[in-house]
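Below: the structure, in structure tokens.
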Amino acid sequence: MFDLDLLSILLPAFAAGILVLSTHVLLGSQVLKRGIIFIDLAIAQVAALGAIIAHTNHDIEHLPFSGVWMPALFALLGAGFIAWLSKRMADELEAIIGCFYVLSAVAAMLLLSNDPHGAEMLKQLMSGQILWVNWSQLLFPAIVSFLVLLTIAWKPSLLEGAGFYLLFALVITLSVELVGVYLVFSSLILPALAVNKYLGKAKWAIAYLVGIVGYGVGLVLSASFDLPSGAAIVATLALTAVAFRLLQPKLAKVLA
């Protein structure tokens with residue numbers, strides 16, 4: 001017998017996961033192709049830094065929708081900076097992005113060091129609160145995700161050029177608020193990595209399936225055993241991705 005109260009919590013959380021995966025699988029494959037693995041962590045952390053500044057600066061905090069436009073502004077500035085660097089310091093780009101991430105993380109810790117609720121906010125931004133997402137929170141991210149997917153379908157070349165960084169920043173900003181930095185990274189990299197060497201026709205379907213199974217199993221385990229939801233989903237995403245890579249040769253024969 002289903003626990004309806006539990007189902008009412010899990011369904012919007014699972015929908016949030018599907019929403020994140022809808023754009024992150026495509027963008028994650030581009031991240032792997034470009035060899036800039038740290039960019040997702042860096043932009044996610046910069047967006048989180050924007051949210052923290054909006055929280056700690058009372059003048060900004062009281063402005064309308066500051067919790068939305070401040071992270072977006074920081075993410076766009078960060079993405080613009082990385083796009084600029086990609087044309088001038090391509091051979092050192094990954095190292096610089098890694099430093100960018102660390103500096104953003106340190107800045108966040110310093111800003112929250114004297115905040116009585118700082119530790120909780122930092123934990124929420126890193127690990128997320130996906131189990132407590134409600135349907136109303138999904139409306140705006142759903143619209144933006146739909147527009148991003150429509151834009152990619154209309155002009156796929158955007159993923160190859162500088163437009164990638166703009167799309168990336170917009171998507172990451174909303175995802176951090178929904179699921180946290182760790183899940184943003186995992187959603188971008190693990191499904192894409194699972195199928196990175198797979199050349200079959202079902203490549204994208206399998207990538208999305210890896211993500212969906214990871215989120216679904218992680219949420220159920222989190223709710224059943226009172227585990228941190230973000231950590232549980234990251235673990236199941238990783239296990240699902242590894243399982244596919246191990247089974248890939250056999251699966252390729254079946255789907256051939």
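FYI, nothing fancy with the structure tokens labels: chains A, B, ... in order, residues from 1 per chain, ligands from 1 as they appear.
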Counting only C-alpha atoms, what is within 10 Å of Ser127 (chain A), bar same-chain residues fewer than 4 positions away, as a ChimeraX atom specification? /A:121-123,176,179-184,228-231,234
Looking only at alpha helix (DSSP H) from DSSP on the backbone, list the matching residues of region 29-233 of chain A as JSON, numbers by chain. {"A": [29, 30, 31, 32, 33, 34, 38, 39, 40, 41, 42, 43, 44, 45, 46, 47, 48, 49, 50, 51, 52, 53, 54, 55, 56, 58, 59, 60, 61, 66, 67, 68, 69, 70, 71, 72, 73, 74, 75, 76, 77, 78, 79, 80, 81, 82, 83, 84, 85, 86, 93, 94, 95, 96, 97, 98, 99, 100, 101, 102, 103, 104, 105, 106, 107, 108, 109, 110, 111, 118, 119, 120, 121, 122, 123, 124, 125, 126, 127, 135, 136, 137, 138, 139, 140, 141, 142, 143, 144, 145, 146, 147, 148, 149, 150, 151, 152, 153, 154, 163, 164, 165, 166, 167, 168, 169, 170, 171, 172, 173, 174, 175, 176, 177, 178, 179, 181, 182, 183, 184, 185, 186, 187, 188, 189, 190, 191, 192, 193, 194, 203, 204, 205, 206, 207, 208, 209, 210, 211, 212, 213, 214, 215, 216, 217, 218, 219, 220, 221, 222, 223, 224, 225, 229, 230, 231, 232, 233]}
Output of the above residues as a compact mmCIF listing (two decimals), in the first residue's frame, restricted to C-alpha atoms:
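Result went into result.txt, see below:
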# COMPACT_ATOMS: atom_id res chain seq x y z
CA SER A 29 28.22 15.90 -22.97
CA GLN A 30 29.49 19.24 -24.23
CA VAL A 31 31.46 19.73 -21.00
CA LEU A 32 33.18 16.37 -21.55
CA LYS A 33 33.80 17.19 -25.21
CA ARG A 34 35.44 20.49 -24.32
CA PHE A 38 35.38 21.96 -13.45
CA ILE A 39 33.15 24.49 -15.22
CA ASP A 40 29.94 23.03 -13.79
CA LEU A 41 31.27 23.13 -10.23
CA ALA A 42 32.68 26.62 -10.78
CA ILE A 43 29.52 28.16 -12.25
CA ALA A 44 27.32 26.39 -9.69
CA GLN A 45 29.52 27.68 -6.88
CA VAL A 46 29.51 31.22 -8.31
CA ALA A 47 25.70 31.11 -8.52
CA ALA A 48 25.64 29.95 -4.90
CA LEU A 49 27.93 32.84 -4.00
CA GLY A 50 25.45 35.24 -5.59
CA ALA A 51 22.67 33.74 -3.46
CA ILE A 52 24.81 34.13 -0.34
CA ILE A 53 25.58 37.79 -1.09
CA ALA A 54 21.86 38.41 -1.62
CA HIS A 55 21.24 36.79 1.78
CA THR A 56 23.98 38.60 3.73
CA HIS A 58 20.30 43.44 3.63
CA ASP A 59 20.02 46.20 1.02
CA ILE A 60 20.03 43.57 -1.74
CA GLU A 61 18.00 41.04 0.25
CA SER A 66 17.00 39.06 -5.33
CA GLY A 67 17.30 35.34 -4.61
CA VAL A 68 16.80 34.70 -8.33
CA TRP A 69 18.55 37.49 -10.19
CA MET A 70 21.64 37.71 -7.97
CA PRO A 71 22.68 34.07 -8.53
CA ALA A 72 21.82 34.46 -12.23
CA LEU A 73 23.90 37.64 -12.50
CA PHE A 74 26.90 36.00 -10.84
CA ALA A 75 26.57 32.87 -12.98
CA LEU A 76 26.39 34.93 -16.18
CA LEU A 77 29.40 37.02 -15.18
CA GLY A 78 31.33 33.88 -14.29
CA ALA A 79 30.38 32.18 -17.55
CA GLY A 80 31.31 35.31 -19.51
CA PHE A 81 34.69 35.42 -17.80
CA ILE A 82 35.36 31.75 -18.61
CA ALA A 83 34.25 32.28 -22.23
CA TRP A 84 36.70 35.19 -22.47
CA LEU A 85 39.49 33.06 -21.00
CA SER A 86 38.73 30.16 -23.36
CA LEU A 93 41.65 26.97 -18.87
CA GLU A 94 40.84 23.90 -16.77
CA ALA A 95 43.35 24.86 -14.07
CA ILE A 96 42.02 28.43 -13.95
CA ILE A 97 38.42 27.20 -13.71
CA GLY A 98 39.46 24.98 -10.80
CA CYS A 99 40.99 27.98 -9.03
CA PHE A 100 37.85 29.98 -9.82
CA TYR A 101 35.76 27.31 -8.08
CA VAL A 102 37.99 27.22 -4.98
CA LEU A 103 38.03 31.01 -4.63
CA SER A 104 34.23 31.17 -4.94
CA ALA A 105 33.86 28.46 -2.30
CA VAL A 106 36.25 30.25 0.07
CA ALA A 107 34.44 33.57 -0.48
CA ALA A 108 31.14 31.88 0.41
CA MET A 109 32.60 30.46 3.62
CA LEU A 110 34.06 33.82 4.64
CA LEU A 111 30.79 35.66 3.99
CA GLY A 118 25.45 30.28 7.70
CA ALA A 119 26.30 26.60 8.12
CA GLU A 120 22.75 25.56 7.31
CA MET A 121 22.58 27.79 4.23
CA LEU A 122 25.93 26.50 2.98
CA LYS A 123 24.78 22.92 3.48
CA GLN A 124 21.54 23.65 1.62
CA LEU A 125 23.35 25.22 -1.33
CA MET A 126 25.86 22.37 -1.56
CA SER A 127 23.66 19.33 -0.89
CA TRP A 135 5.21 21.91 -7.50
CA SER A 136 5.05 25.71 -7.52
CA GLN A 137 8.86 25.91 -7.38
CA LEU A 138 9.11 23.91 -10.60
CA LEU A 139 7.07 26.22 -12.84
CA PHE A 140 9.72 28.84 -13.63
CA PRO A 141 12.60 26.32 -14.05
CA ALA A 142 10.32 24.25 -16.31
CA ILE A 143 9.64 27.25 -18.57
CA VAL A 144 13.33 28.16 -18.76
CA SER A 145 14.36 24.53 -19.42
CA PHE A 146 11.77 24.25 -22.19
CA LEU A 147 13.03 27.45 -23.82
CA VAL A 148 16.65 26.28 -23.54
CA LEU A 149 15.82 22.91 -25.14
CA LEU A 150 13.81 24.68 -27.84
CA THR A 151 16.76 26.99 -28.53
CA ILE A 152 19.16 24.05 -28.79
CA ALA A 153 16.79 22.19 -31.13
CA TRP A 154 16.40 25.31 -33.28
CA GLY A 163 26.51 30.66 -26.67
CA PHE A 164 27.10 27.45 -24.72
CA TYR A 165 28.36 29.45 -21.74
CA LEU A 166 25.23 31.64 -21.67
CA LEU A 167 22.88 28.64 -21.79
CA PHE A 168 25.01 26.88 -19.21
CA ALA A 169 24.86 29.79 -16.76
CA LEU A 170 21.07 30.14 -17.05
CA VAL A 171 20.44 26.44 -16.50
CA ILE A 172 22.93 26.05 -13.64
CA THR A 173 21.51 29.02 -11.73
CA LEU A 174 18.06 27.45 -11.51
CA SER A 175 19.39 23.95 -10.84
CA VAL A 176 21.51 25.00 -7.86
CA GLU A 177 18.43 26.41 -6.15
CA LEU A 178 16.49 23.19 -6.79
CA VAL A 179 19.02 20.43 -6.09
CA VAL A 181 25.84 22.14 -6.22
CA TYR A 182 26.76 18.46 -5.78
CA LEU A 183 23.73 17.18 -7.65
CA VAL A 184 24.20 19.75 -10.40
CA PHE A 185 27.71 18.40 -11.00
CA SER A 186 26.56 14.77 -10.83
CA SER A 187 23.61 15.37 -13.18
CA LEU A 188 25.88 16.99 -15.74
CA ILE A 189 28.78 14.56 -15.64
CA LEU A 190 27.62 11.07 -14.62
CA PRO A 191 24.93 10.33 -17.29
CA ALA A 192 27.12 11.90 -20.00
CA LEU A 193 30.17 9.96 -18.78
CA ALA A 194 28.18 6.72 -18.73
CA LYS A 203 23.01 6.79 -26.68
CA TRP A 204 20.89 9.69 -25.47
CA ALA A 205 18.00 7.50 -24.35
CA ILE A 206 20.43 5.50 -22.22
CA ALA A 207 22.01 8.65 -20.78
CA TYR A 208 18.61 9.92 -19.69
CA LEU A 209 17.70 6.48 -18.35
CA VAL A 210 20.88 6.41 -16.23
CA GLY A 211 19.88 9.76 -14.76
CA ILE A 212 16.25 8.83 -14.17
CA VAL A 213 17.13 5.54 -12.47
CA GLY A 214 19.75 7.29 -10.34
CA TYR A 215 17.31 9.95 -9.16
CA GLY A 216 14.43 7.51 -8.63
CA VAL A 217 16.39 4.95 -6.63
CA GLY A 218 18.22 7.66 -4.67
CA LEU A 219 14.98 9.36 -3.64
CA VAL A 220 13.38 6.08 -2.55
CA LEU A 221 16.45 5.10 -0.51
CA SER A 222 16.63 8.57 1.02
CA ALA A 223 12.99 8.48 2.09
CA SER A 224 13.09 4.84 3.24
CA PHE A 225 16.26 5.02 5.34
CA SER A 229 18.65 13.07 -0.28
CA GLY A 230 21.39 14.84 -2.24
CA ALA A 231 24.11 12.44 -1.11
CA ALA A 232 21.90 9.39 -1.73
CA ILE A 233 21.09 10.48 -5.29
Need the shell around Ile9 (chain A): protein/DNA/RNA residues with any atom at most 9 Å away, counting only C-alpha atoms. Skip same-chain ones fewer than 5 positions apart. Format as an NGL selection string? :A and (4 or 14 or 131-134)
Just to confirm, what's the straight-line distance from CA of Asp5 (chain A) to CA of Ile130 (chain A) in Å (one decimal)? 15.9 Å
Mind pulling up the distance from CA of Ala235 (chain A) to CA of Ala202 (chain A)?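 Between CA of Ala202 (chain A) and CA of Ala235 (chain A) the gap is 24.1 Å.
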Work out how far apart CA of Gly28 (chain A) and CA of Leu159 (chain A) are and give it in Å to one decimal.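 Value for the CA of Gly28 (chain A)-CA of Leu159 (chain A) distance: 10.7 Å.
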